[in-house]
Amino acid sequence: MSRIGTIARRTFLVGSVAIAGGVAFGYYQYRKPHANPLLDELGEGEAALTPWVQINADKITLITPHSDLGQGAASMQAMLLAEELDLEFGQFEISPGVPSPAYYNTALADEGVPFNSHDHSFPADAMRGILGVVVKIMGVQGTGGSTSVPDSFDKLRTAGAVARETLKKAASEKSGINTTALKTASGKVILPDGTEYSYQELAPIAAGIEPVTRVKLREPSEWRLIGKEVQRLDILAKSTGTQTYGIDLEMDGMVHAAVKVNPRQGGALNSYDASAAEGMRGVLKIVEVTNGVAVVADNTWRAFQAAEAITFDWGPAPYPADMDGHWAEVANSFVEERLDAEWRNDGDVATALASGQSVEAEYRAPYVAHQPLEPLNALVLMEGGRVDIWVGHQFPRFAQQKVAEVAGIDPEAVHFHQQFSGGSFGHRLEFENITLATEIAMQMPGTPVKLTFTREEDFAHDYPRQIGMARGVGRVKDGKVDAIDLQVATVSSTDSQIARLGQSAPPGADTQIAAGAWNQPFAVPNFRFRAYKVPPLSPTSSWRSVGASSQGFFASAFLDELIHAAGADPLEERLRLCNHDIARKVLETVGDMSSWGTDPGENRGRGLGFVDSFGVPVAEVVEVTNTGDGIRIDKVFVAADVGRVVDPVNFDNHVKGGVVWGLGHAMNCEITYADGMAEQANYFDHEGMRLHQCPEIVVKGLENASRIRGIGEPPVPPAAPALAAAIFDATGIRLREMPFNKFVDFV
Amino acid sequence: MKLNVNGKVHDVDVEEDMPLLWVLRDELKIKGVKFGCGVAACGACTVHLDGMAVRSCQTFAGDVGEAEITTIEGMGTPDAMHAVQQAWVEHQVAQCGYCQSGQIMQAASLLAENPVPTDADIDDAMSGNLCRCGTYPRIRAAVKTAAARLKEA
Ligand code: FES
Ligand code: FES
């Protein structure tokens with residue numbers, strides 16, 4: 001057990017002792033005991049054993065506070081609880097619970113500190129910076145950064161075990177038989193003579209005793225659920241059209257709203273003319289909202305139509321109106337004043353670069369939109385001094401706070417109801433749908449208002465991934481990579497998000513400008529890495545894999561160019577440079593899987609991408625054919641080490657989805673601004689991957705790492721550089737800018 | 001106007017040009033059919049008209065006439081699933097699941113027309129259905145399983 005794992009468990013146990021006062025979770029020195037949110041709503045005869053388990057006479061409810069955005073987090077959390085609590089799938093219900101500091105995400109805090117076991121020095125100010133972010137932004141109940149599994153793994157198993165042992169103690173009091181003679185299975189405590197007490201009947205007794213907090217977690221060999229192929233809890237509903245998402249909610253008296261907000265993000269509404277909309281069928285009300293106008297109607301489509309009929313005079317954008325302006329600002333940022341941090345300076349780069357064969361290259365990564373398939377929406381009811389909001393969100397506590405700010409009420413008076421989401425990829429970290437829906441609902445007290453964005457509105461107000469560039473200079477010597485001087489300049493999506501939260505940026509360097517690039521497990525003798533922060537342009541946000549999605553491309557692709565210049569093999573040279581055993585095994589595995597080194601065949605190419613992000617080393621080999629009609633991606637091999645594969649089906653599906661995400665956006669997606677507005681309005685402008693372009697994907701999860709990690713994001717960053725390398729291998733064309741379809745055709 | 005949805009005739013009072021999608025979702029409260037793009041670019045809204053897959057966001061209510069409309073709810077229920085739905089469960093296709101009603105309706109229409117689709121047929125029929133979560137490899141496998149299952153039946 002690693003050190004942080006031990007701390008997490010110990011603090012969990014301490015918290016469990018004081019169940020009446022609440023169970024506390026969190027990151028060590030920042031943690032304070034928090035009230036148990038379940039105790040507020042408990043009825044008579046109910047017992048709340050921990051904030052994750054609720055048992056009453058008719059059901060057992062497992063609380064799964066990490067938002068399920070489609071990544072299967074709810075099922076995973078329930079699996080961990082059920083493993084130790086001896087419940088079968090089908091014996092319990094799940095609930096996202098209510099927002100509470102008791103669900104503080106410890107892994108998010110951890111994410112900011114250097115965890116890679118590569119022997120790297122870490123700038124002290126960067127550490128401060130991240131802890132600042134943690135305290136201000138991340139130290140709340142949050143879902144993101146592939147943290148759901150690491151946050152939950154020990155906590156929820158421990159919670160399940162505490163519940164189990166406490167129920168056994170209750171059974172012991174009831175029967176007079178020592179707990180050591182008792183067993184549990186399928187939601188029951190079983191006495192030596194075969195008598196069974198259901199957890200439900202024991203609940204009232206358990207409520208009146210001190211919980212058992214000294215528990216022993218089961219050995220992996222005893223697991224029934226973890227690491228096994230189990231059926232996701234939501235799979236039936238999602239295969240029969242019966243899963244309800246936020247957008248599907250209905251309520252008596254509910255009305256439908258649509259908005260038009262200045263597509264120049266943050267720009268003002270100068271004036272508008274809604275006369276054409278006013279008489280349209282079904283229109284109930286037209287109201288102003290921040291920088292825009294909302295239509296309330298009796299049907300979503302009627303609201304859309306009426307909003308479309310309004311004419312607007314929009315104010316200018318508070319950022320450069322077109323892309324030339326954006327790129328110029330990025331290109332001008334490789335200067336001392338904008339240096340965010342020099343993350344590495346190993347060996348003597350200046351001297352090394354003064355002689356020998358040098359290689360130079362410049363890379364670009366564009367803005368890219370999130371656009372999950374379920375458009376943004378929110379249902380809000382304001383009545384009698386309280387506000388209820390039903391929405392799928394990654395940061396429920398902040399959502400609650402935002403609503404409170406807009407409505408001018410106490411956050412305690414905001415009741416947040418977490419919904420299943422049709423994807424997020426970082427999109428549901430933002431609040432615009434929530435604040436707008438609240439503004440509308442405030443103008444219609446007592447009426448439930450469901451706001452639905454059109455896809456066009458959603459595109460126009462997507463806060464995309466950061467835009468960025470990299471400049472690399474390197475040297476090869478004696479067939480080896482000898483020196484790399486890599487500089488990256490991007491806007492800070494962290495700062496952009498923090499600003500929208502009304503906070504000031506914490507001091508210290510922004511880890512995301514360096515993510516996926518500064519800390520790769522390769523010991524290049526002379527290596528300097530500098531990160532520059534581009535001043536704020538248009539708003540940006542976290543996009544699946546965040547900084548590593550662009551910086552991983554830069555670093556992996558530039559290393560590939562150097563290896564080529566050295567005349568070395570991309571896999572062999574990486575293995576030679578590799579200074580990290582876990583990463584080495586990942587590379588070797590993907591080499592074996594892909595028969596690396598064999599001839600790929602006529603007009604075919606093979607490329608390797610490797611990026612370590614979120615503590616997970618991932619290697620991908622992409623195989624392509626140059627068909628004459630364009631590039632076809634034939635096959636992708638992926639090896640990744642997450643320490644422990646908790647749910648193998650979901651792991652496989654997640655890795656494949658990450659590869660599709662990484663490849664699809666590298667191929668054909670960018671958001672560009674003209675006249676201050678995104679030029680991409682719907683999926684035909686920004687497709688991602690479609691089924692006919694999807695390669696066969698072969699996945700292998702390794703379990704050598706000592707710490708458990710999430711897999712939602714790490715498969716994304718290596719996909720683009722692997723594809724670029726494969727295309728180079730097949731065609732000789734070096735792709736240094738995404739999207740690649742600006743330079744090559746795809747079938 | 002009258003609409004025959006999942007074997008039941010409903011009387012609705014809507015504009016001729018209201019997309020069928022919104023009649024189903026907001027007037028009849030049939031929520032399995034999803035709104036994704038509104039412009040025939042994603043396939044989330046796919047339903048059957050007389051067994052044929054159409055994009056309900058681009059189908060005017062006034063053009064449906066007597067045609068039988070089938071939504072995902074009319075294909076099968078959790079207790080009595082259609083073979084395509086069974087295959088989707090077996091392969092655990094869904095991630096967020098938001099696209100999957102449309103994917104299933106598209107696949108069922110493909111298999112009704114072409115019981116033994118080649119890989120190229122599957123690519124052609126299914127490429128209009130976007131999945132932002134990237135479940136395509138499992139969709140392909142599930143379509144093949146469903147084809148085999150339907151052939152046995
Ligand atoms: S909503 Fe109809 S195709 Fe996207
Ligand atoms: S499963 Fe999420 S869009 Fe397809």
# chains A, B, ... in the order shown; residues from 1 in each chain; ligands from 1
>>> select_by_dssp(residues="stretch 403-607 of chain A", states="alpha helix (DSSP H)", output="PyMOL selection string")
chain A and resi 403-407+432-442+455-460+493-500+511-514+548-566+570-577+581-593
>>> interface_residues(of="chain A", to="chain B", cutoff="8 Å", atoms="only C-alpha atoms", output="number ranges by chain")
A: 69-72, 231-232, 235-244, 248, 299-301, 371-375, 421-423, 454-456, 649, 653, 656-658, 660-661, 682-684, 688-692, 694-697
>>> select_by_dssp(residues="chain B", states="strand (DSSP E)", output="PDB file with C-alpha atoms, in the first residue's frame")
ATOM      1  CA  LYS B   2     -53.455  11.270 -35.918  1.00  0.00           C
ATOM      2  CA  LEU B   3     -50.175   9.461 -35.419  1.00  0.00           C
ATOM      3  CA  ASN B   4     -49.706   5.749 -35.016  1.00  0.00           C
ATOM      4  CA  VAL B   5     -46.859   5.262 -32.561  1.00  0.00           C
ATOM      5  CA  LYS B   8     -51.223   3.058 -30.616  1.00  0.00           C
ATOM      6  CA  VAL B   9     -53.022   5.892 -32.374  1.00  0.00           C
ATOM      7  CA  HIS B  10     -52.586   9.320 -30.801  1.00  0.00           C
ATOM      8  CA  ASP B  11     -54.403  12.520 -31.603  1.00  0.00           C
ATOM      9  CA  THR B  46     -33.725   7.713 -35.436  1.00  0.00           C
ATOM     10  CA  VAL B  47     -37.134   6.007 -35.473  1.00  0.00           C
ATOM     11  CA  HIS B  48     -38.811   3.661 -37.937  1.00  0.00           C
ATOM     12  CA  LEU B  49     -41.533   4.648 -40.350  1.00  0.00           C
ATOM     13  CA  MET B  52     -37.487   1.995 -42.257  1.00  0.00           C
ATOM     14  CA  ALA B  53     -35.023   4.091 -40.278  1.00  0.00           C
ATOM     15  CA  VAL B  54     -35.592   7.839 -40.596  1.00  0.00           C
ATOM     16  CA  ARG B  55     -34.296  10.879 -38.772  1.00  0.00           C
ATOM     17  CA  GLU B  68     -46.519   3.240 -38.475  1.00  0.00           C
ATOM     18  CA  ILE B  69     -44.007   4.942 -36.264  1.00  0.00           C
ATOM     19  CA  THR B  70     -41.802   2.740 -34.093  1.00  0.00           C
TER      20      THR B  70
END
>>> atom_distance(atom1="atom CA of A:Pro411", atom2="atom CA of A:Pro396")
11.5 Å
>>> residues_around(residues="B:Phe60", least_positions_apart="4", cutoff="8 Å", atoms="only C-alpha atoms", output="list of chain:residue names")
B:Glu16, B:Asp17, B:Met18, B:Pro19, B:Leu20, B:Ser56, B:Val64
>>> residues_around(residues="A:Gly676", least_positions_apart="4", cutoff="9 Å", atoms="only C-alpha atoms", output="JSON, numbers by chain")
{"A": [263, 264, 265, 316, 317, 318, 319, 320, 321, 322, 538]}
>>> residues_around(residues="B:Pro115", least_positions_apart="3", cutoff="12 Å", atoms="only C-alpha atoms", output="PyMOL selection string")
chain B and resi 84+107-112+118+121-122+143-153
>>> atom_distance(atom1="atom CA of A:Val230", atom2="atom CA of A:Met76")
10.0 Å
>>> atom_distance(atom1="atom 1 (S, counted along the ligand's line) of ligand 2", atom2="atom CA of A:Ala74")
15.2 Å
>>> residues_around(residues="A:Glu165", least_positions_apart="5", cutoff="9 Å", atoms="only C-alpha atoms", output="compact mmCIF listing (two decimals) with N, CA, C and O atoms, in the first residue's frame")
# COMPACT_ATOMS: atom_id res chain seq x y z
N LEU A 85 -19.46 -5.25 0.98
CA LEU A 85 -20.71 -5.33 1.74
C LEU A 85 -21.47 -6.62 1.45
O LEU A 85 -22.49 -6.91 2.06
N GLY A 160 -17.77 -0.06 2.51
CA GLY A 160 -18.54 -1.31 2.42
C GLY A 160 -18.19 -2.24 3.57
O GLY A 160 -19.07 -2.87 4.17
N ALA A 170 -24.40 -5.84 14.83
CA ALA A 170 -25.83 -5.74 15.16
C ALA A 170 -26.45 -7.13 15.25
O ALA A 170 -27.24 -7.42 16.18
N THR A 179 -19.41 -12.21 16.80
CA THR A 179 -19.31 -11.82 15.39
C THR A 179 -18.38 -12.73 14.60
O THR A 179 -18.58 -12.93 13.40
N PRO A 211 -20.27 2.20 15.11
CA PRO A 211 -19.83 1.43 13.95
C PRO A 211 -18.48 0.76 14.19
O PRO A 211 -17.66 1.26 14.96
N VAL A 212 -18.28 -0.35 13.56
CA VAL A 212 -16.99 -1.04 13.64
C VAL A 212 -16.07 -0.40 12.61
O VAL A 212 -16.38 -0.39 11.42
N THR A 213 -14.99 0.19 13.05
CA THR A 213 -14.15 0.89 12.09
C THR A 213 -12.81 0.20 11.86
O THR A 213 -12.08 0.57 10.96
N ARG A 214 -12.51 -0.78 12.68
CA ARG A 214 -11.28 -1.53 12.40
C ARG A 214 -11.66 -2.70 11.50
O ARG A 214 -12.15 -3.72 11.95
N VAL A 215 -11.49 -2.49 10.24
CA VAL A 215 -11.91 -3.52 9.29
C VAL A 215 -10.73 -3.93 8.43
O VAL A 215 -9.79 -3.17 8.22
>>> residues_around(residues="A:Glu336", least_positions_apart="6", cutoff="12 Å", atoms="only C-alpha atoms", output="VMD selection string")
chain A and resid 342 487 489 530 to 534
